[in-house]
$ cat final_24.cif   # mmCIF, C-alpha atoms
data_input
#
loop_
_atom_site.label_atom_id
_atom_site.label_comp_id
_atom_site.auth_asym_id
_atom_site.auth_seq_id
_atom_site.Cartn_x
_atom_site.Cartn_y
_atom_site.Cartn_z
CA MET A 223 -72.26 -26.51 -21.13
CA THR A 224 -74.91 -29.12 -20.36
CA ALA A 225 -78.52 -29.04 -21.50
CA SER A 226 -79.77 -28.56 -17.93
CA ASN A 227 -77.49 -25.56 -17.38
CA THR A 228 -78.51 -23.86 -20.62
CA ARG A 229 -82.20 -24.36 -19.98
CA ASN A 230 -81.84 -22.32 -16.80
CA LYS A 231 -81.04 -19.33 -19.05
CA GLN A 232 -84.68 -18.91 -20.10
CA ILE A 233 -85.72 -15.30 -19.64
CA SER A 234 -89.44 -15.68 -19.07
CA ILE A 235 -92.51 -17.75 -19.89
CA GLY A 236 -95.76 -16.07 -20.88
CA ASP A 237 -99.09 -17.49 -22.00
CA ASP A 238 -100.87 -14.20 -22.78
CA LEU A 239 -101.05 -13.98 -26.58
CA ARG A 240 -103.33 -10.99 -26.87
CA SER A 241 -100.46 -8.83 -28.11
CA LEU A 242 -99.66 -11.29 -30.91
CA PRO A 243 -101.74 -10.54 -34.04
CA ALA A 244 -103.12 -13.66 -35.72
CA SER A 245 -102.42 -11.99 -39.06
CA THR A 246 -98.70 -12.16 -38.23
CA LEU A 247 -98.93 -15.91 -37.86
CA GLN A 248 -100.78 -16.19 -41.17
CA SER A 249 -97.60 -15.06 -42.89
CA PHE A 250 -95.70 -18.05 -41.43
CA PRO A 251 -95.22 -21.02 -43.81
CA ILE A 252 -97.04 -23.38 -41.42
CA PHE A 253 -100.19 -21.17 -41.45
CA ARG A 254 -100.06 -19.97 -45.07
CA ASN A 255 -103.55 -19.73 -46.67
CA THR A 256 -105.12 -20.88 -43.38
CA ALA A 257 -108.39 -19.22 -42.33
CA LEU A 258 -107.90 -16.55 -39.68
CA ALA A 259 -110.59 -18.18 -37.53
CA VAL A 260 -108.65 -21.47 -37.42
CA VAL A 261 -105.42 -19.76 -36.43
CA THR A 262 -107.13 -17.64 -33.77
CA LYS A 263 -109.02 -20.62 -32.36
CA HIS A 264 -105.89 -22.47 -31.39
CA LEU A 265 -103.83 -19.54 -30.12
CA ARG A 266 -105.43 -19.80 -26.69
CA ASP A 267 -103.82 -23.22 -26.28
CA CYS A 268 -100.32 -22.03 -27.21
CA ARG A 269 -97.78 -19.95 -25.34
CA VAL A 270 -94.96 -17.56 -26.16
CA GLN A 271 -91.64 -18.32 -24.55
CA LYS A 272 -88.40 -16.34 -24.55
CA TYR A 273 -84.94 -17.94 -24.68
CA ALA A 274 -81.57 -16.31 -24.12
CA SER A 275 -78.90 -16.77 -26.78
CA GLY A 276 -77.05 -20.03 -26.16
CA THR A 277 -80.03 -21.90 -24.72
CA LEU A 278 -80.57 -25.47 -25.89
CA ILE A 279 -84.20 -25.89 -26.90
CA ILE A 280 -84.18 -29.39 -28.38
CA THR A 281 -81.60 -32.12 -27.72
CA PRO A 282 -81.24 -35.77 -28.81
CA ASP A 283 -81.20 -36.71 -25.12
CA ASP A 284 -84.89 -35.95 -24.53
CA HIS A 285 -88.14 -36.53 -26.35
CA ASN A 286 -89.49 -33.38 -27.99
CA LEU A 287 -93.23 -32.68 -27.53
CA ASN A 288 -93.50 -29.28 -29.21
CA VAL A 289 -93.21 -27.47 -32.52
CA TYR A 290 -91.52 -24.09 -32.15
CA ALA A 291 -92.38 -21.18 -34.46
CA ILE A 292 -89.85 -18.35 -34.39
CA LEU A 293 -91.41 -14.96 -33.68
CA LYS A 294 -88.11 -13.15 -33.08
CA GLY A 295 -84.45 -14.16 -33.02
CA GLN A 296 -82.57 -17.06 -34.56
CA LEU A 297 -82.22 -20.82 -34.00
CA SER A 298 -79.43 -23.09 -35.24
CA ILE A 299 -79.69 -26.80 -35.93
CA LEU A 300 -76.47 -28.54 -34.89
CA HIS A 301 -75.04 -32.03 -35.33
CA ASP A 302 -73.50 -31.80 -31.86
CA ASN A 303 -73.19 -29.31 -29.02
CA SER A 304 -69.44 -28.79 -29.21
CA GLY A 305 -69.44 -25.51 -31.11
CA SER A 306 -69.44 -27.03 -34.59
CA GLU A 307 -70.81 -25.21 -37.60
CA PRO A 308 -74.64 -25.35 -37.75
CA LEU A 309 -76.32 -27.62 -40.27
CA THR A 310 -78.83 -24.83 -40.93
CA VAL A 311 -79.98 -21.55 -39.40
CA LEU A 312 -83.67 -20.64 -38.95
CA GLY A 313 -85.18 -17.18 -38.63
CA PRO A 314 -88.58 -15.54 -37.94
CA GLY A 315 -91.51 -17.39 -39.47
CA GLU A 316 -89.77 -20.76 -39.62
CA THR A 317 -90.57 -23.76 -37.44
CA VAL A 318 -88.62 -26.62 -35.91
CA GLY A 319 -89.45 -29.86 -34.11
CA GLU A 320 -92.06 -31.23 -36.53
CA ILE A 321 -90.38 -34.55 -37.34
CA SER A 322 -89.79 -35.64 -33.75
CA VAL A 323 -93.35 -34.65 -32.83
CA PHE A 324 -94.74 -36.74 -35.68
CA ASP A 325 -92.65 -39.90 -35.28
CA GLY A 326 -92.40 -39.84 -31.48
CA GLN A 327 -88.66 -40.56 -31.58
CA LYS A 328 -85.95 -38.56 -29.88
CA PRO A 329 -84.59 -35.74 -32.10
CA SER A 330 -81.54 -36.45 -34.24
CA ALA A 331 -79.97 -33.00 -33.77
CA TYR A 332 -79.59 -30.14 -31.33
CA VAL A 333 -81.57 -26.91 -31.67
CA LYS A 334 -80.03 -23.89 -29.98
CA ALA A 335 -80.99 -20.22 -29.75
CA THR A 336 -78.10 -18.33 -31.33
CA GLN A 337 -79.78 -14.98 -30.62
CA ASP A 338 -82.17 -13.93 -27.89
CA SER A 339 -85.35 -15.47 -29.27
CA GLU A 340 -89.09 -15.40 -28.80
CA LEU A 341 -90.87 -18.59 -29.82
CA LEU A 342 -94.46 -19.67 -30.21
CA VAL A 343 -94.68 -23.09 -28.55
CA ILE A 344 -97.23 -25.42 -30.16
CA SER A 345 -97.72 -28.65 -28.23
CA ARG A 346 -98.16 -31.99 -29.98
CA GLU A 347 -101.84 -32.12 -28.99
CA VAL A 348 -102.56 -28.63 -30.33
CA LEU A 349 -100.71 -29.41 -33.57
CA TRP A 350 -102.86 -32.46 -34.21
CA ASP A 351 -106.00 -30.42 -33.46
CA MET A 352 -104.84 -27.83 -36.01
CA ILE A 353 -104.26 -30.56 -38.60
CA ASP A 354 -107.74 -31.98 -37.96
CA ASP A 355 -109.23 -28.50 -38.41
CA SER A 356 -107.37 -27.41 -41.52
CA HIS A 357 -106.29 -29.10 -44.74
CA GLU A 358 -104.17 -26.01 -45.41
CA ILE A 359 -102.06 -26.63 -42.31
CA SER A 360 -101.62 -30.28 -43.35
CA ARG A 361 -100.52 -29.20 -46.81
CA ASN A 362 -98.16 -26.59 -45.38
CA LEU A 363 -96.55 -29.15 -43.08
CA LEU A 364 -96.01 -31.48 -46.02
CA HIS A 365 -94.23 -28.67 -47.87
CA ILE A 366 -92.12 -27.86 -44.81
CA LEU A 367 -91.14 -31.51 -44.25
CA ALA A 368 -90.38 -32.05 -47.93
CA LYS A 369 -88.10 -29.01 -47.88
CA ARG A 370 -86.47 -30.28 -44.68
CA ILE A 371 -85.88 -33.74 -46.20
CA ARG A 372 -84.45 -32.24 -49.39
CA SER A 373 -82.14 -30.06 -47.32
CA GLY A 374 -81.10 -33.14 -45.33
CA ASN A 375 -80.39 -35.06 -48.52
CA THR A 376 -78.25 -32.19 -49.78
CA THR A 377 -76.32 -32.17 -46.50
CA VAL A 378 -75.73 -35.93 -46.75
CA LEU A 379 -74.61 -35.62 -50.38
CA ASN A 380 -72.21 -32.80 -49.52
CA SER A 381 -70.89 -34.86 -46.62
CA LEU A 382 -70.29 -37.87 -48.88
CA GLN A 383 -68.51 -35.70 -51.44
CA LEU A 384 -66.34 -34.23 -48.69
CA GLN A 385 -65.61 -37.72 -47.40
CA LYS A 386 -64.53 -38.83 -50.88
CA GLN A 387 -62.31 -35.77 -51.14
CA HIS A 388 -60.69 -36.59 -47.80
CA GLU A 389 -60.21 -40.21 -48.87
CA ARG A 390 -58.53 -39.03 -52.06
CA GLU A 391 -56.31 -36.62 -50.13
CA ALA A 392 -55.36 -39.48 -47.79
CA GLN A 393 -54.16 -41.56 -50.78
CA PHE A 394 -52.17 -38.93 -52.68
CA ASP A 395 -49.00 -37.03 -51.94
CA ALA A 396 -49.86 -33.33 -51.85
CA LEU A 397 -46.54 -32.17 -53.33
CA THR A 398 -46.06 -34.52 -56.29
CA GLY A 399 -49.62 -35.68 -56.99
CA LEU A 400 -48.43 -39.30 -56.93
CA HIS A 401 -49.94 -41.95 -54.71
CA ASN A 402 -48.46 -41.83 -51.21
CA ARG A 403 -46.82 -44.34 -48.87
CA ARG A 404 -50.12 -45.29 -47.21
CA TRP A 405 -51.72 -46.14 -50.55
CA ILE A 406 -48.73 -48.03 -51.95
CA ASP A 407 -48.43 -50.14 -48.78
CA ARG A 408 -52.02 -51.35 -49.19
CA THR A 409 -51.63 -51.86 -52.94
CA TYR A 410 -48.34 -53.68 -52.51
CA GLU A 411 -49.85 -56.06 -49.97
CA LYS A 412 -52.73 -56.83 -52.36
CA HIS A 413 -50.46 -57.53 -55.34
CA PHE A 414 -48.00 -59.52 -53.23
CA ARG A 415 -50.78 -61.76 -51.92
CA HIS A 416 -52.20 -62.18 -55.43
CA SER A 417 -48.76 -63.14 -56.81
CA ILE A 418 -48.23 -65.75 -54.08
CA GLU A 419 -51.69 -67.26 -54.56
CA ASP A 420 -51.43 -67.36 -58.37
CA ASN A 421 -47.72 -68.10 -58.53
CA SER A 422 -47.33 -65.06 -60.79
CA THR A 423 -44.49 -62.60 -61.22
CA LEU A 424 -44.08 -59.36 -59.28
CA CYS A 425 -41.24 -56.85 -59.54
CA VAL A 426 -40.52 -53.88 -57.30
CA ILE A 427 -38.40 -50.90 -58.35
CA MET A 428 -36.97 -48.56 -55.71
CA ILE A 429 -35.88 -45.14 -56.97
CA ASP A 430 -33.81 -42.48 -55.23
CA ILE A 431 -32.83 -39.05 -56.58
CA ASP A 432 -29.03 -38.79 -56.58
CA HIS A 433 -27.33 -36.35 -54.19
CA PHE A 434 -30.69 -34.87 -53.18
CA LYS A 435 -29.55 -33.86 -49.68
CA ILE A 436 -26.61 -31.97 -51.14
CA PHE A 437 -28.97 -30.32 -53.64
CA ASN A 438 -31.32 -29.22 -50.85
CA ASP A 439 -28.42 -27.84 -48.81
CA SER A 440 -27.10 -25.94 -51.84
CA TYR A 441 -30.29 -24.55 -53.37
CA GLY A 442 -32.89 -24.73 -50.59
CA HIS A 443 -35.99 -26.78 -49.89
CA GLN A 444 -38.19 -24.83 -52.28
CA ALA A 445 -35.87 -25.79 -55.13
CA GLY A 446 -35.90 -29.35 -53.81
CA ASP A 447 -39.71 -29.39 -53.91
CA LYS A 448 -39.64 -28.24 -57.54
CA VAL A 449 -37.25 -31.05 -58.40
CA LEU A 450 -39.48 -33.62 -56.70
CA GLN A 451 -42.44 -32.37 -58.71
CA GLN A 452 -40.43 -32.40 -61.92
CA VAL A 453 -39.16 -35.94 -61.32
CA ALA A 454 -42.67 -37.18 -60.48
CA THR A 455 -44.03 -35.71 -63.72
CA ALA A 456 -41.19 -37.24 -65.72
CA MET A 457 -41.77 -40.69 -64.23
CA LYS A 458 -45.53 -40.59 -64.81
CA GLY A 459 -44.86 -39.63 -68.42
CA LYS A 460 -42.71 -42.75 -68.91
CA LEU A 461 -45.09 -45.26 -67.32
CA ARG A 462 -48.15 -47.08 -68.61
CA PRO A 463 -51.41 -47.22 -66.61
CA ASN A 464 -50.66 -50.69 -65.15
CA GLU A 465 -47.19 -49.59 -63.99
CA ILE A 466 -47.84 -48.24 -60.50
CA VAL A 467 -45.67 -45.44 -59.10
CA ALA A 468 -45.83 -43.73 -55.70
CA ARG A 469 -43.77 -41.44 -53.55
CA TYR A 470 -42.34 -43.66 -50.84
CA GLY A 471 -40.91 -40.90 -48.68
CA GLY A 472 -38.53 -37.96 -49.04
CA GLU A 473 -36.74 -38.28 -52.39
CA GLU A 474 -37.53 -41.98 -52.70
CA PHE A 475 -40.13 -43.49 -55.02
CA VAL A 476 -41.39 -47.01 -55.70
CA ILE A 477 -42.85 -48.69 -58.77
CA LEU A 478 -44.89 -51.90 -58.60
CA LEU A 479 -44.95 -54.12 -61.67
CA PRO A 480 -47.39 -57.02 -61.19
CA GLY A 481 -47.03 -59.76 -63.77
CA VAL A 482 -43.73 -58.32 -65.08
CA PRO A 483 -40.44 -60.29 -64.96
CA ALA A 484 -37.11 -58.68 -64.06
CA LYS A 485 -35.96 -58.48 -67.70
CA ILE A 486 -38.95 -56.33 -68.68
CA ALA A 487 -38.77 -54.43 -65.38
CA PHE A 488 -35.20 -53.44 -66.29
CA MET A 489 -36.41 -51.96 -69.60
CA ILE A 490 -39.17 -50.03 -67.79
CA SER A 491 -36.67 -48.87 -65.18
CA GLU A 492 -34.28 -47.57 -67.84
CA ARG A 493 -37.16 -45.76 -69.53
CA VAL A 494 -37.92 -44.03 -66.21
CA ARG A 495 -34.25 -43.31 -65.49
CA SER A 496 -33.77 -41.63 -68.86
CA GLY A 497 -36.88 -39.54 -68.22
CA VAL A 498 -35.42 -38.30 -64.94
CA GLU A 499 -32.03 -37.72 -66.56
CA ALA A 500 -33.70 -35.35 -69.05
CA CYS A 501 -34.75 -33.11 -66.13
CA PHE A 502 -32.67 -30.25 -64.78
CA TYR A 503 -32.96 -27.40 -62.30
CA HIS A 504 -32.27 -23.87 -63.52
CA ASP A 505 -30.39 -21.99 -60.82
CA PRO A 506 -31.33 -18.31 -61.14
CA ALA A 507 -28.31 -17.19 -59.08
CA SER A 508 -25.70 -18.73 -61.40
CA ASN A 509 -27.93 -19.04 -64.48
CA LYS A 510 -26.75 -22.65 -64.77
CA LYS A 511 -28.63 -25.87 -65.41
CA VAL A 512 -28.19 -28.32 -62.55
CA PRO A 513 -28.53 -31.92 -63.79
CA ILE A 514 -30.89 -34.33 -62.06
CA THR A 515 -30.38 -38.08 -62.02
CA ALA A 516 -31.70 -41.07 -60.13
CA SER A 517 -30.53 -44.53 -59.14
CA LEU A 518 -32.86 -47.52 -59.33
CA GLY A 519 -32.92 -50.99 -57.84
CA ILE A 520 -35.07 -53.91 -59.00
CA ALA A 521 -36.11 -57.05 -57.16
CA GLN A 522 -38.27 -59.87 -58.51
CA LEU A 523 -40.43 -62.02 -56.23
CA GLU A 524 -38.72 -65.35 -55.62
CA PRO A 525 -39.88 -68.45 -53.71
CA GLY A 526 -39.57 -67.86 -49.97
CA ASP A 527 -39.76 -64.07 -50.26
CA SER A 528 -41.88 -62.12 -47.79
CA LYS A 529 -43.28 -58.63 -48.37
CA GLU A 530 -40.45 -57.24 -46.29
CA SER A 531 -37.65 -59.22 -47.94
CA LEU A 532 -38.78 -58.30 -51.47
CA LEU A 533 -38.69 -54.60 -50.58
CA LYS A 534 -35.32 -55.03 -48.89
CA HIS A 535 -33.88 -56.72 -51.97
CA ALA A 536 -35.03 -53.82 -54.15
CA ASP A 537 -33.51 -51.39 -51.65
CA ASP A 538 -30.27 -53.41 -51.62
CA ALA A 539 -30.10 -53.21 -55.43
CA LEU A 540 -30.69 -49.45 -55.20
CA TYR A 541 -27.80 -49.14 -52.72
CA GLN A 542 -25.55 -51.13 -55.08
CA ALA A 543 -26.49 -48.81 -57.95
CA LYS A 544 -25.46 -45.81 -55.89
CA GLN A 545 -22.21 -47.49 -54.85
CA ALA A 546 -21.50 -48.27 -58.50
CA GLY A 547 -21.63 -44.59 -59.49
CA ARG A 548 -25.35 -43.62 -59.49
CA ASN A 549 -27.62 -42.77 -62.45
CA GLN A 550 -28.09 -46.45 -63.28
CA THR A 551 -30.34 -49.45 -62.73
CA LEU A 552 -29.26 -52.66 -61.02
CA VAL A 553 -31.21 -55.87 -60.52
CA PHE A 554 -30.88 -57.63 -57.16
CA LYS A 555 -28.95 -60.89 -57.32
CA SER A 556 -28.70 -63.27 -54.41
CA PHE A 557 -25.35 -64.95 -53.85
#
$ encode --input "final_24.cif" --output "structure tokens"
Amino acid sequence: MTASNTRNKQISIGDDLRSLPASTLQSFPIFRNTALAVVTKHLRDCRVQKYASGTLIITPDDHNLNVYAILKGQLSILHDNSGSEPLTVLGPGETVGEISVFDGQKPSAYVKATQDSELLVISREVLWDMIDDSHEISRNLLHILAKRIRSGNTTVLNSLQLQKQHEREAQFDALTGLHNRRWIDRTYEKHFRHSIEDNSTLCVIMIDIDHFKIFNDSYGHQAGDKVLQQVATAMKGKLRPNEIVARYGGEEFVILLPGVPAKIAFMISERVRSGVEACFYHDPASNKKVPITASLGIAQLEPGDSKESLLKHADDALYQAKQAGRNQTLVFKSF
């Protein structure tokens, strides 16, 4: 619904404030501790306006020339007008519109009536007259704006924390807790480029759980998930901080070893393989321990290798390990 359509939902406009006690306004934060005579003096230049629920009152599309004090109902401040959760909700006694009135810029958010509402409309000119008349009103506005800024800072901080959480979730595999394919692709590219530029060593280990499809078919995907988690934990327990492991997809994992030659990579690979071999799945139906093993293939960066060829060589070595009987490590050798 557009702003023009919602504005047509206004119920009525009235400028007779005789039924509105000035003492009621004195309880509002903007008029707190303000002399009754000052409040009463400026009421004649204000109006009360009613808005139906759903009406847009302030939008970033138009300059705002008024401060609105809520007499009845409820207003929501929204980042957009697409039905998103409100940034904050305001009730009777609270005001909105101060910042855009003061700085003369278009508002940065939408303000919508989320209940049938009755608002005291204070124009920019009347607000400045009130400020000139009363130090109390000036002080109250400073308190209101400080609270608004603090609330805005809290919203920004929460948003940043949520963004960091989403970034973390985008880098980790939800099932195993290991880094995921997206993260390892970026990390691999960085280490590959560094190795080429510095003429340093880089080894890649590809790991695949043996007979995993048969295991899933026999014991179900929930059992398969438990095995993946168990294997991931076992591998992490066998690796040092600079030995980078990630889930590459399905039952396949990858380890990056920057600065490590194939001979050392083989020792690391065997350490990991033995850790996986120590795992087992307990089948409650047969009360038997089902062994778990993995095959591993290693490739070392050689002159002329590309990112793709190095991964393919590691995958070729993994395939050879499976063909040779599984539960073993093989190093890629070109012929």
$ residues_around --input "final_24.cif" --residues "Ser491 of chain A" --least-positions-apart "3" --cutoff "10 Å" --atoms "only C-alpha atoms" --output "list in words"
Ile427, Met428, Ile429, Met457, Lys460, Leu461, Ile477, Ala484, Lys485, Ile486, Ala487, Phe488, Val494, Arg495, Ser496, Gly497, Ser517, Leu518, Gly519, Ile520, Gln550, Thr551 and Leu552 of chain A
$ residues_near_point --input "final_24.cif" --point "(-79.7, -21.7, -39.9)" --cutoff "7 Å" --atoms "only C-alpha atoms" --output "list in words"
Leu297, Ser298, Ile299, Pro308, Leu309, Thr310, Val311 and Leu312 of chain A
$ resolve_selection --input "final_24.cif" --expression "the PyMOL selection byres ((chain A and resi 502) around 7)" --output "list in words"
Ala500, Cys501, Tyr503, His504, Lys511, Val512, Pro513 and Ile514 of chain A
$ atom_distance --input "final_24.cif" --atom1 "atom CA of Leu278 of chain A" --atom2 "atom CA of Ala335 of chain A"
6.5 Å
$ closest_residue --input "final_24.cif" --among "A:Val449, A:Val482, A:Lys458, A:Lys435" --to "Ser422 of chain A" --atoms "all atoms listed in the file"
A:Val482
$ resolve_selection --input "final_24.cif" --expression "the PyMOL selection byres ((chain A and resi 338) around 6)" --output "ChimeraX atom specification"
/A:273-275,295,337,339
$ closest_residue --input "final_24.cif" --among "A:Glu474, A:Glu492, A:Glu524, A:Glu530" --to "Ser556 of chain A" --atoms "only C-alpha atoms"
A:Glu524
$ axis_aligned_box --input "final_24.cif" --around "segment 254-262 of chain A" --padding-each-side "5 Å" --output "AutoDock Vina command-line options"
--center_x -105.3 --center_y -19.0 --center_z -40.2 --size_x 20.5 --size_y 14.9 --size_z 22.9
$ residues_near_point --input "final_24.cif" --point "(-54.6, -43.0, -53.4)" --cutoff "6 Å" --atoms "only C-alpha atoms" --output "number ranges by chain"
A: 390, 393-394, 401, 405
$ write_last_selection --input "final_24.cif" --atoms "C-alpha atoms" --output "PDB file, in the coordinates of the input"
ATOM      1  CA  ARG A 390     -58.530 -39.030 -52.060  1.00  0.00           C
ATOM      2  CA  GLN A 393     -54.160 -41.560 -50.780  1.00  0.00           C
ATOM      3  CA  PHE A 394     -52.170 -38.930 -52.680  1.00  0.00           C
ATOM      4  CA  HIS A 401     -49.940 -41.950 -54.710  1.00  0.00           C
ATOM      5  CA  TRP A 405     -51.720 -46.140 -50.550  1.00  0.00           C
TER       6      TRP A 405
END
$ closest_residue --input "final_24.cif" --among "A:Val348, A:Val333, A:Ile321, A:Val426" --to "Ser531 of chain A" --atoms "all atoms listed in the file"
A:Val426
$ resolve_selection --input "final_24.cif" --expression "the PyMOL selection byres ((chain A and resi 360) around 12)" --output "JSON, numbers by chain"
{"A": [251, 252, 253, 254, 255, 256, 320, 349, 350, 351, 352, 353, 354, 355, 356, 357, 358, 359, 361, 362, 363, 364, 365, 366, 367]}
$ closest_residue --input "final_24.cif" --among "A:Asp325, A:Glu411, A:Glu499, A:Asp302" --to "His285 of chain A" --atoms "only C-alpha atoms"
A:Asp325
$ atom_distance --input "final_24.cif" --atom1 "atom CA of Phe554 of chain A" --atom2 "atom CA of Glu419 of chain A"
23.1 Å
